[in-house]
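Note: the block below is model_34.pdb and it holds PDB, C-alpha atoms.
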```pdb
ATOM      1  CA  MET S   1      22.825  -6.685   8.909  1.00  0.00           C
ATOM      2  CA  ARG S   2      19.771  -8.908   9.372  1.00  0.00           C
ATOM      3  CA  LEU S   3      18.835 -10.765   6.213  1.00  0.00           C
ATOM      4  CA  GLN S   4      15.319  -9.324   5.997  1.00  0.00           C
ATOM      5  CA  LYS S   5      16.711  -5.793   6.315  1.00  0.00           C
ATOM      6  CA  TYR S   6      19.265  -6.526   3.594  1.00  0.00           C
ATOM      7  CA  LEU S   7      16.532  -7.804   1.249  1.00  0.00           C
ATOM      8  CA  ALA S   8      14.440  -4.708   1.959  1.00  0.00           C
ATOM      9  CA  HIS S   9      17.460  -2.495   1.349  1.00  0.00           C
ATOM     10  CA  CYS S  10      17.925  -4.236  -2.010  1.00  0.00           C
ATOM     11  CA  GLY S  11      14.381  -3.264  -2.987  1.00  0.00           C
ATOM     12  CA  VAL S  12      12.773  -6.698  -2.733  1.00  0.00           C
ATOM     13  CA  ALA S  13       9.825  -5.628  -0.549  1.00  0.00           C
ATOM     14  CA  SER S  14       9.052  -4.161   2.845  1.00  0.00           C
ATOM     15  CA  ARG S  15      10.935  -5.720   5.736  1.00  0.00           C
ATOM     16  CA  ARG S  16       7.836  -7.552   6.961  1.00  0.00           C
ATOM     17  CA  LYS S  17       7.166  -9.019   3.510  1.00  0.00           C
ATOM     18  CA  CYS S  18      10.826 -10.005   3.210  1.00  0.00           C
ATOM     19  CA  GLU S  19      10.435 -12.130   6.329  1.00  0.00           C
ATOM     20  CA  ASP S  20       7.714 -14.110   4.542  1.00  0.00           C
ATOM     21  CA  ILE S  21       9.896 -14.451   1.448  1.00  0.00           C
ATOM     22  CA  ILE S  22      12.762 -15.824   3.540  1.00  0.00           C
ATOM     23  CA  ALA S  23      10.460 -18.261   5.355  1.00  0.00           C
ATOM     24  CA  SER S  24       9.269 -19.616   1.982  1.00  0.00           C
ATOM     25  CA  GLY S  25      12.789 -20.840   1.185  1.00  0.00           C
ATOM     26  CA  ARG S  26      13.391 -18.584  -1.809  1.00  0.00           C
ATOM     27  CA  VAL S  27      16.614 -17.033  -0.483  1.00  0.00           C
ATOM     28  CA  ARG S  28      20.142 -18.449  -0.598  1.00  0.00           C
ATOM     29  CA  VAL S  29      23.102 -17.041   1.308  1.00  0.00           C
ATOM     30  CA  ASN S  30      26.519 -18.211   0.131  1.00  0.00           C
ATOM     31  CA  GLY S  31      24.831 -21.009  -1.787  1.00  0.00           C
ATOM     32  CA  LYS S  32      22.688 -22.323   1.080  1.00  0.00           C
ATOM     33  CA  ILE S  33      18.929 -21.881   1.491  1.00  0.00           C
ATOM     34  CA  VAL S  34      18.129 -19.740   4.520  1.00  0.00           C
ATOM     35  CA  SER S  35      14.549 -19.878   5.780  1.00  0.00           C
ATOM     36  CA  THR S  36      14.962 -18.166   9.148  1.00  0.00           C
ATOM     37  CA  PRO S  37      14.691 -14.367   9.339  1.00  0.00           C
ATOM     38  CA  GLY S  38      17.295 -12.715  11.525  1.00  0.00           C
ATOM     39  CA  VAL S  39      20.332 -14.406  10.015  1.00  0.00           C
ATOM     40  CA  GLN S  40      23.182 -11.915   9.791  1.00  0.00           C
ATOM     41  CA  VAL S  41      24.805 -11.100   6.442  1.00  0.00           C
ATOM     42  CA  GLU S  42      27.715  -8.831   5.614  1.00  0.00           C
ATOM     43  CA  PRO S  43      27.035  -6.619   2.576  1.00  0.00           C
ATOM     44  CA  GLY S  44      29.794  -6.852   0.006  1.00  0.00           C
ATOM     45  CA  LYS S  45      31.099 -10.096   1.440  1.00  0.00           C
ATOM     46  CA  ASP S  46      28.207 -12.564   1.580  1.00  0.00           C
ATOM     47  CA  SER S  47      26.428 -13.540  -1.645  1.00  0.00           C
ATOM     48  CA  VAL S  48      22.630 -13.349  -1.427  1.00  0.00           C
ATOM     49  CA  TYR S  49      20.301 -14.728  -4.095  1.00  0.00           C
ATOM     50  CA  LEU S  50      16.519 -14.549  -4.461  1.00  0.00           C
ATOM     51  CA  ASP S  51      14.940 -17.116  -6.778  1.00  0.00           C
ATOM     52  CA  GLY S  52      18.375 -17.695  -8.280  1.00  0.00           C
ATOM     53  CA  ASN S  53      19.031 -13.997  -8.957  1.00  0.00           C
ATOM     54  CA  PRO S  54      21.813 -12.089  -7.160  1.00  0.00           C
ATOM     55  CA  LEU S  55      20.817  -9.175  -4.931  1.00  0.00           C
ATOM     56  CA  SER S  56      22.679  -5.947  -4.304  1.00  0.00           C
ATOM     57  CA  PRO S  57      21.605  -2.592  -2.887  1.00  0.00           C
ATOM     58  CA  PRO S  58      20.333  -0.110  -5.507  1.00  0.00           C
ATOM     59  CA  ASP S  59      22.437   2.851  -6.578  1.00  0.00           C
ATOM     60  CA  VAL S  60      19.364   5.103  -6.766  1.00  0.00           C
ATOM     61  CA  ALA S  61      16.434   5.252  -4.327  1.00  0.00           C
ATOM     62  CA  ARG S  62      13.023   5.514  -6.009  1.00  0.00           C
ATOM     63  CA  TYR S  63       9.848   6.953  -4.483  1.00  0.00           C
ATOM     64  CA  ILE S  64       6.809   6.882  -6.760  1.00  0.00           C
ATOM     65  CA  VAL S  65       3.081   7.599  -6.670  1.00  0.00           C
ATOM     66  CA  LEU S  66       0.834   5.770  -9.124  1.00  0.00           C
ATOM     67  CA  ASN S  67      -2.804   6.481  -9.927  1.00  0.00           C
ATOM     68  CA  LYS S  68      -3.748   2.824  -9.867  1.00  0.00           C
ATOM     69  CA  PRO S  69      -6.547   1.806 -12.247  1.00  0.00           C
ATOM     70  CA  ALA S  70      -9.199  -0.715 -11.279  1.00  0.00           C
ATOM     71  CA  GLY S  71      -8.625  -4.261 -12.498  1.00  0.00           C
ATOM     72  CA  VAL S  72      -4.926  -4.315 -11.631  1.00  0.00           C
ATOM     73  CA  ILE S  73      -3.311  -6.499  -8.952  1.00  0.00           C
ATOM     74  CA  VAL S  74      -1.050  -4.832  -6.371  1.00  0.00           C
ATOM     75  CA  SER S  75       1.716  -7.413  -6.524  1.00  0.00           C
ATOM     76  CA  ASN S  76       5.055  -8.103  -8.177  1.00  0.00           C
ATOM     77  CA  GLY S  77       3.437 -11.029  -9.987  1.00  0.00           C
ATOM     78  CA  ASP S  78       0.221 -13.021 -10.237  1.00  0.00           C
ATOM     79  CA  PRO S  79      -0.016 -16.835 -10.610  1.00  0.00           C
ATOM     80  CA  GLN S  80      -3.258 -16.386 -12.565  1.00  0.00           C
ATOM     81  CA  GLY S  81      -1.551 -14.170 -15.114  1.00  0.00           C
ATOM     82  CA  ARG S  82      -3.613 -11.078 -14.331  1.00  0.00           C
ATOM     83  CA  ARG S  83      -2.212  -7.608 -14.957  1.00  0.00           C
ATOM     84  CA  THR S  84      -0.198  -6.205 -12.045  1.00  0.00           C
ATOM     85  CA  VAL S  85       0.911  -2.698 -11.151  1.00  0.00           C
ATOM     86  CA  MET S  86       4.446  -3.703 -12.114  1.00  0.00           C
ATOM     87  CA  ASP S  87       3.293  -4.092 -15.717  1.00  0.00           C
ATOM     88  CA  LEU S  88       2.723  -0.334 -15.731  1.00  0.00           C
ATOM     89  CA  PHE S  89       6.447   0.241 -15.073  1.00  0.00           C
ATOM     90  CA  ALA S  90       7.932  -2.204 -17.597  1.00  0.00           C
ATOM     91  CA  GLY S  91      11.388  -0.888 -18.513  1.00  0.00           C
ATOM     92  CA  ALA S  92      10.936   2.397 -16.637  1.00  0.00           C
ATOM     93  CA  PHE S  93      13.678   1.788 -14.052  1.00  0.00           C
ATOM     94  CA  PRO S  94      16.711  -0.478 -13.844  1.00  0.00           C
ATOM     95  CA  GLU S  95      16.036  -0.782 -10.094  1.00  0.00           C
ATOM     96  CA  ARG S  96      13.539  -3.246  -8.648  1.00  0.00           C
ATOM     97  CA  ILE S  97      10.565  -1.403  -7.121  1.00  0.00           C
ATOM     98  CA  PHE S  98       7.645  -2.749  -5.112  1.00  0.00           C
ATOM     99  CA  PRO S  99       4.296  -1.492  -3.769  1.00  0.00           C
ATOM    100  CA  VAL S 100       3.995   0.043  -0.316  1.00  0.00           C
ATOM    101  CA  GLY S 101       0.952  -1.551   1.288  1.00  0.00           C
ATOM    102  CA  ARG S 102      -2.004  -2.650  -0.805  1.00  0.00           C
ATOM    103  CA  LEU S 103      -5.003  -1.460  -2.744  1.00  0.00           C
ATOM    104  CA  ASP S 104      -7.858  -3.768  -3.762  1.00  0.00           C
ATOM    105  CA  TYR S 105      -8.129  -5.131  -7.297  1.00  0.00           C
ATOM    106  CA  ASP S 106     -11.260  -3.050  -7.950  1.00  0.00           C
ATOM    107  CA  THR S 107     -10.068   0.076  -6.119  1.00  0.00           C
ATOM    108  CA  GLU S 108      -8.407   3.006  -7.863  1.00  0.00           C
ATOM    109  CA  GLY S 109      -6.140   5.801  -6.711  1.00  0.00           C
ATOM    110  CA  VAL S 110      -2.992   6.633  -4.789  1.00  0.00           C
ATOM    111  CA  LEU S 111      -0.480   3.807  -4.520  1.00  0.00           C
ATOM    112  CA  LEU S 112       3.106   4.356  -3.403  1.00  0.00           C
ATOM    113  CA  LEU S 113       5.997   2.293  -4.752  1.00  0.00           C
ATOM    114  CA  THR S 114       9.672   2.324  -3.828  1.00  0.00           C
ATOM    115  CA  ASN S 115      12.898   0.358  -3.701  1.00  0.00           C
ATOM    116  CA  ASP S 116      13.651   1.614  -0.185  1.00  0.00           C
ATOM    117  CA  GLY S 117      12.542  -1.030   2.277  1.00  0.00           C
ATOM    118  CA  ASP S 118      13.075   1.151   5.335  1.00  0.00           C
ATOM    119  CA  PHE S 119      10.892   3.865   3.811  1.00  0.00           C
ATOM    120  CA  ALA S 120       8.182   1.291   3.008  1.00  0.00           C
ATOM    121  CA  ASN S 121       8.341  -0.085   6.533  1.00  0.00           C
ATOM    122  CA  ALA S 122       8.030   3.384   8.053  1.00  0.00           C
ATOM    123  CA  VAL S 123       5.086   4.395   5.852  1.00  0.00           C
ATOM    124  CA  ALA S 124       3.173   1.141   6.265  1.00  0.00           C
ATOM    125  CA  HIS S 125       3.657   0.748  10.022  1.00  0.00           C
ATOM    126  CA  PRO S 126       0.387   1.330  11.921  1.00  0.00           C
ATOM    127  CA  ARG S 127       2.053   3.473  14.605  1.00  0.00           C
ATOM    128  CA  HIS S 128       2.606   6.300  12.123  1.00  0.00           C
ATOM    129  CA  GLU S 129      -1.153   6.636  11.510  1.00  0.00           C
ATOM    130  CA  ILE S 130      -0.794   8.188   8.054  1.00  0.00           C
ATOM    131  CA  GLU S 131      -4.171   9.545   6.976  1.00  0.00           C
ATOM    132  CA  LYS S 132      -5.747   8.126   3.830  1.00  0.00           C
ATOM    133  CA  ARG S 133      -8.663   9.826   2.105  1.00  0.00           C
ATOM    134  CA  TYR S 134     -11.090   7.822  -0.056  1.00  0.00           C
ATOM    135  CA  TYR S 135     -13.944   8.792  -2.327  1.00  0.00           C
ATOM    136  CA  VAL S 136     -16.833   6.341  -1.944  1.00  0.00           C
ATOM    137  CA  GLU S 137     -19.935   5.659  -4.011  1.00  0.00           C
ATOM    138  CA  ALA S 138     -22.224   3.326  -2.054  1.00  0.00           C
ATOM    139  CA  THR S 139     -25.590   1.763  -2.782  1.00  0.00           C
ATOM    140  CA  GLY S 140     -28.735   3.349  -1.376  1.00  0.00           C
ATOM    141  CA  ALA S 141     -29.372   6.525   0.597  1.00  0.00           C
ATOM    142  CA  ILE S 142     -27.285   6.029   3.743  1.00  0.00           C
ATOM    143  CA  SER S 143     -28.869   7.624   6.801  1.00  0.00           C
ATOM    144  CA  ASP S 144     -27.087  10.101   9.058  1.00  0.00           C
ATOM    145  CA  ALA S 145     -27.232   7.545  11.857  1.00  0.00           C
ATOM    146  CA  LYS S 146     -25.387   4.962   9.773  1.00  0.00           C
ATOM    147  CA  LEU S 147     -22.781   7.495   8.692  1.00  0.00           C
ATOM    148  CA  GLU S 148     -22.307   8.361  12.342  1.00  0.00           C
ATOM    149  CA  ALA S 149     -21.678   4.670  13.007  1.00  0.00           C
ATOM    150  CA  LEU S 150     -18.953   4.710  10.356  1.00  0.00           C
ATOM    151  CA  LYS S 151     -17.360   7.693  12.083  1.00  0.00           C
ATOM    152  CA  LYS S 152     -17.371   6.019  15.496  1.00  0.00           C
ATOM    153  CA  GLY S 153     -16.079   2.681  14.175  1.00  0.00           C
ATOM    154  CA  ILE S 154     -17.322  -0.673  12.917  1.00  0.00           C
ATOM    155  CA  VAL S 155     -16.366  -4.010  14.444  1.00  0.00           C
ATOM    156  CA  LEU S 156     -14.310  -6.030  11.944  1.00  0.00           C
ATOM    157  CA  ASP S 157     -12.878  -9.412  12.931  1.00  0.00           C
ATOM    158  CA  GLY S 158     -13.725  -8.752  16.562  1.00  0.00           C
ATOM    159  CA  ARG S 159     -11.979  -5.371  16.698  1.00  0.00           C
ATOM    160  CA  LYS S 160     -13.486  -1.935  16.255  1.00  0.00           C
ATOM    161  CA  THR S 161     -12.061   0.348  13.581  1.00  0.00           C
ATOM    162  CA  ALA S 162     -10.526   3.636  14.676  1.00  0.00           C
ATOM    163  CA  PRO S 163     -12.664   6.791  14.440  1.00  0.00           C
ATOM    164  CA  ALA S 164     -13.039   8.156  10.905  1.00  0.00           C
ATOM    165  CA  ARG S 165     -13.988  11.495   9.374  1.00  0.00           C
ATOM    166  CA  ILE S 166     -16.699  11.771   6.718  1.00  0.00           C
ATOM    167  CA  LEU S 167     -16.993  14.740   4.370  1.00  0.00           C
ATOM    168  CA  ASN S 168     -18.974  15.984   1.366  1.00  0.00           C
ATOM    169  CA  VAL S 169     -21.985  13.682   1.690  1.00  0.00           C
ATOM    170  CA  GLN S 170     -24.369  13.671  -1.283  1.00  0.00           C
ATOM    171  CA  ARG S 171     -27.391  11.429  -1.536  1.00  0.00           C
ATOM    172  CA  THR S 172     -29.767  10.230  -4.232  1.00  0.00           C
ATOM    173  CA  PRO S 173     -32.490   7.608  -3.766  1.00  0.00           C
ATOM    174  CA  SER S 174     -30.158   4.945  -5.191  1.00  0.00           C
ATOM    175  CA  ALA S 175     -26.675   6.011  -4.018  1.00  0.00           C
ATOM    176  CA  THR S 176     -24.639   7.941  -1.472  1.00  0.00           C
ATOM    177  CA  HIS S 177     -21.384   9.682  -2.357  1.00  0.00           C
ATOM    178  CA  PHE S 178     -18.935  10.791   0.336  1.00  0.00           C
ATOM    179  CA  SER S 179     -15.270  11.062   1.311  1.00  0.00           C
ATOM    180  CA  ILE S 180     -13.907   9.168   4.308  1.00  0.00           C
ATOM    181  CA  ILE S 181     -10.570   9.688   6.048  1.00  0.00           C
ATOM    182  CA  ILE S 182      -8.977   6.840   8.024  1.00  0.00           C
ATOM    183  CA  HIS S 183      -5.459   6.031   9.205  1.00  0.00           C
ATOM    184  CA  GLU S 184      -5.721   2.248   9.421  1.00  0.00           C
ATOM    185  CA  GLY S 185      -5.037  -0.165   6.584  1.00  0.00           C
ATOM    186  CA  ARG S 186      -6.961  -3.348   7.247  1.00  0.00           C
ATOM    187  CA  ASN S 187      -7.799  -5.679   4.386  1.00  0.00           C
ATOM    188  CA  ARG S 188     -10.674  -4.275   2.271  1.00  0.00           C
ATOM    189  CA  GLN S 189     -11.456  -1.975   5.211  1.00  0.00           C
ATOM    190  CA  ILE S 190     -13.674   0.644   3.559  1.00  0.00           C
ATOM    191  CA  ARG S 191     -15.733  -1.940   1.693  1.00  0.00           C
ATOM    192  CA  ARG S 192     -16.225  -4.004   4.830  1.00  0.00           C
ATOM    193  CA  MET S 193     -17.121  -0.957   6.928  1.00  0.00           C
ATOM    194  CA  VAL S 194     -19.832   0.025   4.448  1.00  0.00           C
ATOM    195  CA  GLU S 195     -21.097  -3.559   4.369  1.00  0.00           C
ATOM    196  CA  GLY S 196     -21.207  -3.404   8.169  1.00  0.00           C
ATOM    197  CA  ILE S 197     -23.934  -0.726   7.990  1.00  0.00           C
ATOM    198  CA  GLY S 198     -25.957  -2.671   5.417  1.00  0.00           C
ATOM    199  CA  HIS S 199     -24.780  -1.111   2.141  1.00  0.00           C
ATOM    200  CA  HIS S 200     -22.259  -1.942  -0.589  1.00  0.00           C
ATOM    201  CA  VAL S 201     -19.480   0.009  -2.283  1.00  0.00           C
ATOM    202  CA  ARG S 202     -19.999   0.494  -6.018  1.00  0.00           C
ATOM    203  CA  TYR S 203     -16.904   2.610  -6.605  1.00  0.00           C
ATOM    204  CA  LEU S 204     -13.864   3.340  -4.455  1.00  0.00           C
ATOM    205  CA  ARG S 205     -10.865   5.575  -5.045  1.00  0.00           C
ATOM    206  CA  ARG S 206      -8.031   6.568  -2.716  1.00  0.00           C
ATOM    207  CA  ASP S 207      -7.528  10.289  -3.331  1.00  0.00           C
ATOM    208  CA  GLN S 208      -4.779  11.031  -0.834  1.00  0.00           C
ATOM    209  CA  MET S 209      -2.182   9.346   1.372  1.00  0.00           C
ATOM    210  CA  GLY S 210      -0.469  11.698   3.794  1.00  0.00           C
ATOM    211  CA  PRO S 211       0.754  14.645   1.697  1.00  0.00           C
ATOM    212  CA  VAL S 212       0.465  12.756  -1.607  1.00  0.00           C
ATOM    213  CA  THR S 213      -2.537  13.309  -3.887  1.00  0.00           C
ATOM    214  CA  LEU S 214      -3.646  12.353  -7.403  1.00  0.00           C
ATOM    215  CA  ALA S 215      -3.215  15.918  -8.702  1.00  0.00           C
ATOM    216  CA  GLY S 216      -2.183  15.853 -12.353  1.00  0.00           C
ATOM    217  CA  LEU S 217      -2.244  12.068 -12.659  1.00  0.00           C
ATOM    218  CA  ALA S 218      -4.658  10.284 -15.007  1.00  0.00           C
ATOM    219  CA  LYS S 219      -5.457   6.620 -14.367  1.00  0.00           C
ATOM    220  CA  GLY S 220      -2.365   4.502 -14.922  1.00  0.00           C
ATOM    221  CA  GLN S 221       0.004   7.474 -14.775  1.00  0.00           C
ATOM    222  CA  TRP S 222       2.753   7.914 -12.184  1.00  0.00           C
ATOM    223  CA  ARG S 223       5.373  10.397 -11.029  1.00  0.00           C
ATOM    224  CA  GLU S 224       8.280  10.438  -8.609  1.00  0.00           C
ATOM    225  CA  LEU S 225       7.608  11.997  -5.202  1.00  0.00           C
ATOM    226  CA  THR S 226       9.051  15.367  -4.346  1.00  0.00           C
ATOM    227  CA  SER S 227      11.703  15.646  -1.644  1.00  0.00           C
ATOM    228  CA  LEU S 228       9.167  17.435   0.564  1.00  0.00           C
ATOM    229  CA  GLU S 229       6.607  14.625   0.170  1.00  0.00           C
ATOM    230  CA  ILE S 230       9.258  12.039   1.036  1.00  0.00           C
ATOM    231  CA  LYS S 231      10.324  14.014   4.106  1.00  0.00           C
ATOM    232  CA  LYS S 232       6.737  14.405   5.325  1.00  0.00           C
ATOM    233  CA  LEU S 233       6.014  10.689   4.871  1.00  0.00           C
ATOM    234  CA  ARG S 234       9.162   9.709   6.739  1.00  0.00           C
ATOM    235  CA  ASN S 235       8.386  12.067   9.612  1.00  0.00           C
ATOM    236  CA  THR S 236       4.684  11.280   9.934  1.00  0.00           C
TER     237      THR S 236
END
```

Could you render the structure from this file as structure tokens?
Amino acid sequence: MRLQKYLAHCGVASRRKCEDIIASGRVRVNGKIVSTPGVQVEPGKDSVYLDGNPLSPPDVARYIVLNKPAGVIVSNGDPQGRRTVMDLFAGAFPERIFPVGRLDYDTEGVLLLTNDGDFANAVAHPRHEIEKRYYVEATGAISDAKLEALKKGIVLDGRKTAPARILNVQRTPSATHFSIIIHEGRNRQIRRMVEGIGHHVRYLRRDQMGPVTLAGLAKGQWRELTSLEIKKLRNT
């Protein structure tokens, strides 16, 4: 088994993130630092350590949805000592879990976590085009023409965003409220798209990711996914 796949299977992070972890020199195999992804390991025979801690595959697979509050970092740790989403799960599971994808520090809403690296890789991969629905509160009364531009796509970093859907538009002289559905996951994408039409996001919440919604979850609360939700996410 490739080392990055083994780390993902042990619940360290998604396979892509595990490649970065290996490259940083944090992993030892049979006592030697390995910094090249792709090295083969034999589960049950080779000893694998991350940051001095032994790794082994989990006995139980976890699939979780969190209603992430604003002001929380989506990370397993923060050098600046800020609160992370992992602080919300202190002592909840013996298994190591990690976030699937990202959600901005100031953004609330649906965040998936797991200890199944293959599941995380499948959900996060762009080819699956899992729809994500956001509720947006933006500054100013955004014109229909500008909203149409959001639907057609905004150029970010030299590349146009995929077409989006916009629903439930409500305007006041000082703000526009609407829902937007996208399937991409670029860094700070919604905020940057709104900035691209000359406005700013005042509040942002991810209400849905594939079949998973915030129903019944207050800010900071979480639940385990149903078997049907897991199946739908895997097959998307």

Selected residue, from S:Asp46, S:Glu108, S:Glu195, S:Asp51, that lies nearest to Ile154 of chain S when counting only C-alpha atoms: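 Checking each of S:Asp46, S:Glu108, S:Glu195, S:Asp51 against Ile154 of chain S, counting only C-alpha atoms, the winner is S:Glu195.
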
Matched chain/residue IDs from the PyMOL selection byres ((chain S and resi 123-138) around 8), as a VMD selection string: chain S and resid 100 to 101 119 to 122 139 to 140 175 to 185 194 199 to 210 233 to 234 236

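Within the 10 Å cut-off around Ala61 of chain S, using only C-alpha atoms and omitting residues fewer than 4 positions from it on the same chain, the listed residues are His9, Cys10, Gly11, Pro57, Glu95, Arg96, Ile97, Thr114, Asn115, Asp116, Gly117 and Phe119 of chain S.
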
Selected residue, from S:Gly38, S:Gly109, S:Pro99, S:Gly216, that lies nearest to Ile64 of chain S when counting all atoms listed in the file: S:Pro99

Pick from S:Ala141, S:Leu103, S:Leu66, S:Leu150, whichever lies nearest to Glu224 of chain S using all atoms listed in the file: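 Residue with the minimum atom-to-atom distance to Glu224 of chain S: S:Leu66.
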
Selected residue of minimal separation from Asn30 of chain S among S:Leu50, S:Met86, S:Ala164, S:Val12, counting all atoms listed in the file: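 Ranking S:Leu50, S:Met86, S:Ala164, S:Val12 by distance to Asn30 of chain S, first place goes to S:Leu50.
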
Please enclose the listed atoms of segment 144-157 of chain S in an axis-aligned box, pad each side by 6 Å, and write out the centre and the three edge lengths in Å, rounded to one decimal, as lines of an AutoDock Vina configuration file.
```
center_x = -20.1
center_y = 0.3
center_z = 12.1
size_x = 26.4
size_y = 31.5
size_z = 18.8
```

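Reported to one decimal place, the separation of atom CA of Ser24 of chain S from atom CA of Arg2 of chain S is 16.7 Å.
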
Selection result of the PyMOL selection byres ((chain S and resi 71-75) around 9) on this file, as a PyMOL selection string: chain S and resi 68-70+76-78+82-86+98-99+101-108+111

Neighbour list for Pro43 of chain S as JSON, numbers by chain, cut-off 10 Å, only C-alpha atoms, skip fewer than 3 positions in-chain: {"S": [1, 3, 6, 40, 46, 47, 48, 56, 57]}

Computed interatomic separation between atom CA of Leu112 of chain S and atom CA of Arg62 of chain S (Å):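 Straight-line distance from atom CA of Leu112 of chain S to atom CA of Arg62 of chain S works out to 10.3 Å.
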
Length of the atom CA of Thr226 of chain S to atom CA of Cys18 of chain S vector [Å]: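 About the pair atom CA of Thr226 of chain S and atom CA of Cys18 of chain S: they are 26.5 Å apart.
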
Contacts of Asp20 of chain S within 12 Å, all atoms listed in the file, excl. fewer than 4 positions in-chain, as a PyMOL selection string: chain S and resi 3-4+7-8+12-16+24-27+34-38

Nearest to Ala145 of chain S, chosen from S:Leu88, S:Leu225, S:Ala218, S:Ile197, with all atoms listed in the file counted in the distances: S:Ile197

The PyMOL selection byres ((chain S and resi 162) around 6) resolved against shown file, as a PyMOL selection string: chain S and resi 153+161+163

Nearest candidate to Tyr63 of chain S (options S:Lys151, S:Arg28, S:Arg223, S:Arg191; using all atoms listed in the file): S:Arg223
